[in-house]
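Engineer: This is the structure I have questions about; it appears just below.
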Amino acid sequence: MKWNKFRIKTTTEAEDIVCSSLMDLGVQGVEVEDKIPLTQREKEQMFVDILPEIDVDDGVAYISFYLEEDEDKEKMLQAVREELKEIGTYVNVGSMEIEESQTEDVDWVNNWKQYFHQFTIDDVLIIPSWEDVQPEDEDKMIIHIDPGTAFGTGMHETTQLCIRQIKKYVTEDTEILDVGCGSGILGMLALKFGAKHSTGTDLDPCAIDATHENMDVNGISRDQYRVMIGNIIDDKEVQDQVGYDRYDIVAANILADVLVPLTPVILNHLKTGGIYITSGIIEEKEETVVEAVKAAGLEVLEVNHQGEWVSVTARKN
Ligand SMILES: C[S@@+](CC[C@H](N)C(=O)[O-])C[C@H]1O[C@@H](n2cnc3c(N)ncnc32)[C@H](O)[C@@H]1O
């Protein structure tokens with residue numbers, strides 16, 4: 001199916017109002033281009049630590065929306081222009097030029113599948129639902145994952161670093177806390193490696209459905225895990241729900257800037273002798289995290305590397 005794309009030139013001041021007006025007019029989704037730097041929270045959720053240099057914010061924003069080829073574009077454009085004019089009575093909406101173009105005839109829903117194929121992490125095979133297990137892989141631990149909205153297919157180096165450490169330290173008595181669980185992959189693998197129970201937390205509400213879906217397709221029942229949304233760093237309710245002095249392993253594959261304030265908090269949730277597995281650390285931030293782990297009173301056991309990424313494993317003595 002072909003789509004008509006409309007790109008409105010406006011201002012950063014007006015972008016939120018323009019987006020919400022477009023949604024009110026029935027547009028399914030919008031794309032925003034501007035030069036406003038990401039906030040700390042946006043960086044944490046998008047898992048970007050070091051950003052490319054961007055030009056200074058010039059106050060210009062472009063907002064794009066799409067209409068199916070057979071939709072009445074003239075009617076929509078007229079409604080959009082009227083809305084922009086109305087918004088322009090109380091905020092600077094800029095030039096309001098609308099560029100029009102047509103996108104490729106692409107199957108957007110399924111096109112990404114060509115980029116996600118089965119792969120192995122040591123003796124674990126991660127395989128999407130549309131592929132078959134090859135005979136030579138039948139002896140591997142088989143994990144079904146379809147990439148979804150939450151982070152964590154297992155392809156990222158930081159996830160792989162965590163998986164190896166979890167496998168090393170897990171026992172049949174392990175209670176694991178997976179902070180920043182995303183797709184639920186770390187807690188799920190801990191359970192597959194034999195752990196007793198997993199608790200996942202994330203800031204991103206998509207993590208709930210993603211974790212349930214992945215646990216379901218991999219045959220893990222709901223009494224083996226729980227998942228909750230909220231920030232364990234400063235939300236006492238989340239901390240209480242997670243529980244204190246309870247975990248044999250805490251895994252946190254999050255950015256270094258989050259691990260620094262997270263680490264002293266995690267100390268309260270780990271049992272004495274419990275293992276803290278961190279990753280998501282870009283090489284340049286290795287020392288920062290090692291220092292934060294030591295400052296919290298944990299003993300650093302291992303520092304592992306894969307590509308430009310680092311994982312620090314420590315113990316609460
Ligand atoms: C790199 S992903 C890790 C996903 C998965 N655990 C994995 O290893 O592939 C980091 C996740 O941490 C979440 N996150 C960031 N800050 C957080 C916080 N303070 N508490 C809980 N989750 C957080 C993000 O929303 C994101 O889902």
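Letters A, B, ... go to the chains of the structure tokens in the order shown; residues in each chain start at 1; ligands are counted from 1 in the same order.
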Neighbours of ligand 1 within 7 Å, counting only C-alpha atoms and all ligand atoms, as a PyMOL selection string?

Structural biologist: chain A and resi 44-47+150-154+156+158-159+162+178-186+201-204+207+230-233+252-254+258+280

Engineer: Set the distance at 10 Å and use only C-alpha atoms: which residues neighbour Glu284 (chain A) once local chain neighbours fewer than 4 positions away are removed? I'd like the list as an MDAnalysis selection string.

Structural biologist: chainID A and resid 50 256 288 308:310

Engineer: Selection from above, C-alpha atoms, as a PDB file, in the first residue's frame, can you write it?

Structural biologist:
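Here's the written file result.pdb:
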```pdb
ATOM      1  CA  ILE A  50      26.434   9.049  23.925  1.00  0.00           C
ATOM      2  CA  ALA A 256      25.864   3.981  33.447  1.00  0.00           C
ATOM      3  CA  THR A 288      32.482   5.487  36.869  1.00  0.00           C
ATOM      4  CA  GLU A 308      32.569  -1.485  23.240  1.00  0.00           C
ATOM      5  CA  TRP A 309      30.331  -2.590  26.123  1.00  0.00           C
ATOM      6  CA  VAL A 310      31.173  -3.503  29.705  1.00  0.00           C
TER       7      VAL A 310
END
```

Engineer: For Asn304 (chain A), which of A:Val133, A:Ile63, A:Ile220, A:Ile277 is the closest residue, counting only C-alpha atoms?

Structural biologist: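 That would be A:Ile277, the residue with the smallest distance to Asn304 (chain A).
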
Engineer: Could you pull out the alpha helix (DSSP H) residues of region 178-281 of chain A from DSSP and send them as a PyMOL selection string?

Structural biologist: chain A and resi 185-192+206-217+236-242+256-266

Engineer: List as a PDB file with N, CA and C atoms, in the first residue's frame the protein and nucleic acid residues near Asp57 (chain A), meaning an atom at most 8 Å away when only C-alpha atoms are counted, but skip any in the same chain fewer than 4 places from it.

Structural biologist:
```
ATOM      1  N   ASP A  34      13.300  17.748  15.359  1.00  0.00           N
ATOM      2  CA  ASP A  34      13.737  19.059  15.855  1.00  0.00           C
ATOM      3  C   ASP A  34      15.152  18.912  16.388  1.00  0.00           C
ATOM      4  N   LYS A  35      15.692  19.995  16.917  1.00  0.00           N
ATOM      5  CA  LYS A  35      17.083  19.928  17.420  1.00  0.00           C
ATOM      6  C   LYS A  35      17.114  20.087  18.935  1.00  0.00           C
ATOM      7  N   ILE A  36      16.023  19.717  19.600  1.00  0.00           N
ATOM      8  CA  ILE A  36      16.003  19.804  21.066  1.00  0.00           C
ATOM      9  C   ILE A  36      16.712  18.563  21.612  1.00  0.00           C
TER      10      ILE A  36
END
```

Engineer: Excluding Arg315 (chain A) and any residue of its chain fewer than 4 positions from it, enumerate the residues within 8 Å of it, using only C-alpha atoms, and give them as number ranges by chain.

Structural biologist: A: 273-276, 298-301

Engineer: Measuring atom to atom with only C-alpha atoms, identify which of A:Ile87, A:Leu270, A:Ala195, A:Val217 is nearest to Thr171 (chain A).

Structural biologist: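 Smallest separation from Thr171 (chain A) among the options: A:Ala195.
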
Engineer: Using DSSP assignments from the backbone, pull out every residue in region 54-192 of chain A that falls under strand (DSSP E) and give it to me as an NGL selection string.

Structural biologist: :A and (60-68 or 98-102 or 119-121 or 124-127 or 141-144 or 175-179)

Engineer: Tell me, in Å to one decimal, how far CA of Asn214 (chain A) is from CA of Asn268 (chain A).

Structural biologist: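 For CA of Asn214 (chain A) relative to CA of Asn268 (chain A), the distance reads 28.8 Å.
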
Engineer: Leaving out Met215 (chain A) and any residue of its chain fewer than 3 positions from it, which residues lie within 10 Å of it when counting only C-alpha atoms, given as a PyMOL selection string?

Structural biologist: chain A and resi 143-145+183-185+187-189+191+209-212+218-222+224-225

Engineer: Suppose we keep N, CA and C atoms; can you now write the selection as a short mmCIF file (atom, residue, chain, number, x, y, z; two decimals), in the first residue's frame?

Structural biologist:
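File written: part_38.cif
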```cif
data_model
loop_
_atom_site.label_atom_id
_atom_site.label_comp_id
_atom_site.auth_asym_id
_atom_site.auth_seq_id
_atom_site.Cartn_x
_atom_site.Cartn_y
_atom_site.Cartn_z
N ILE A 143 14.95 -20.56 22.91
CA ILE A 143 14.16 -19.45 23.46
C ILE A 143 13.48 -18.74 22.30
N HIS A 144 12.16 -18.59 22.41
CA HIS A 144 11.41 -17.92 21.35
C HIS A 144 11.23 -16.45 21.71
N ILE A 145 11.70 -15.59 20.84
CA ILE A 145 11.50 -14.15 21.06
C ILE A 145 11.17 -13.50 19.73
N SER A 183 11.91 -6.54 27.59
CA SER A 183 11.17 -7.70 27.08
C SER A 183 11.06 -8.83 28.11
N GLY A 184 11.77 -8.71 29.23
CA GLY A 184 11.76 -9.76 30.26
C GLY A 184 12.80 -10.84 30.02
N ILE A 185 13.68 -10.60 29.05
CA ILE A 185 14.60 -11.66 28.62
C ILE A 185 15.53 -12.16 29.73
N GLY A 187 15.18 -12.11 33.14
CA GLY A 187 14.45 -12.90 34.13
C GLY A 187 14.02 -14.23 33.54
N MET A 188 13.60 -14.19 32.26
CA MET A 188 13.14 -15.42 31.62
C MET A 188 14.29 -16.43 31.52
N LEU A 189 15.46 -15.95 31.09
CA LEU A 189 16.59 -16.88 30.98
C LEU A 189 17.02 -17.40 32.34
N LEU A 191 15.12 -18.02 34.79
CA LEU A 191 14.17 -19.11 35.12
C LEU A 191 14.49 -20.36 34.31
N ASP A 209 3.37 -6.06 28.93
CA ASP A 209 2.84 -6.98 27.91
C ASP A 209 3.97 -7.79 27.28
N ALA A 210 5.09 -7.11 27.02
CA ALA A 210 6.21 -7.80 26.36
C ALA A 210 6.69 -8.95 27.24
N THR A 211 6.84 -8.70 28.54
CA THR A 211 7.32 -9.76 29.44
C THR A 211 6.32 -10.91 29.48
N HIS A 212 5.02 -10.58 29.63
CA HIS A 212 4.02 -11.66 29.67
C HIS A 212 4.06 -12.49 28.39
N ASN A 218 7.41 -19.03 26.04
CA ASN A 218 8.50 -19.90 26.46
C ASN A 218 8.11 -20.82 27.62
N GLY A 219 6.79 -20.91 27.84
CA GLY A 219 6.27 -21.92 28.77
C GLY A 219 6.53 -21.61 30.23
N ILE A 220 6.66 -20.32 30.56
CA ILE A 220 6.89 -19.97 31.97
C ILE A 220 5.58 -19.48 32.57
N SER A 221 5.19 -20.08 33.69
CA SER A 221 3.88 -19.75 34.25
C SER A 221 3.95 -18.50 35.13
N ARG A 222 2.78 -17.89 35.30
CA ARG A 222 2.73 -16.59 35.98
C ARG A 222 3.15 -16.66 37.45
N GLN A 224 5.76 -17.98 38.47
CA GLN A 224 7.22 -17.99 38.54
C GLN A 224 7.84 -16.58 38.46
N TYR A 225 7.00 -15.59 38.14
CA TYR A 225 7.56 -14.24 37.98
C TYR A 225 6.50 -13.18 38.21
#
```

Engineer: Give me, please, the distance in Å between CA of Lys167 (chain A) and CA of Ala190 (chain A), quoted to one decimal.

Structural biologist: 6.9 Å

Engineer: So which one's closest to Tyr247 (chain A), A:Gln102, A:Ser279, A:Thr174, A:Thr12? Using only C-alpha atoms, please.

Structural biologist: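 Looking only at the distances to Tyr247 (chain A), the closest residue turns out to be A:Thr174.
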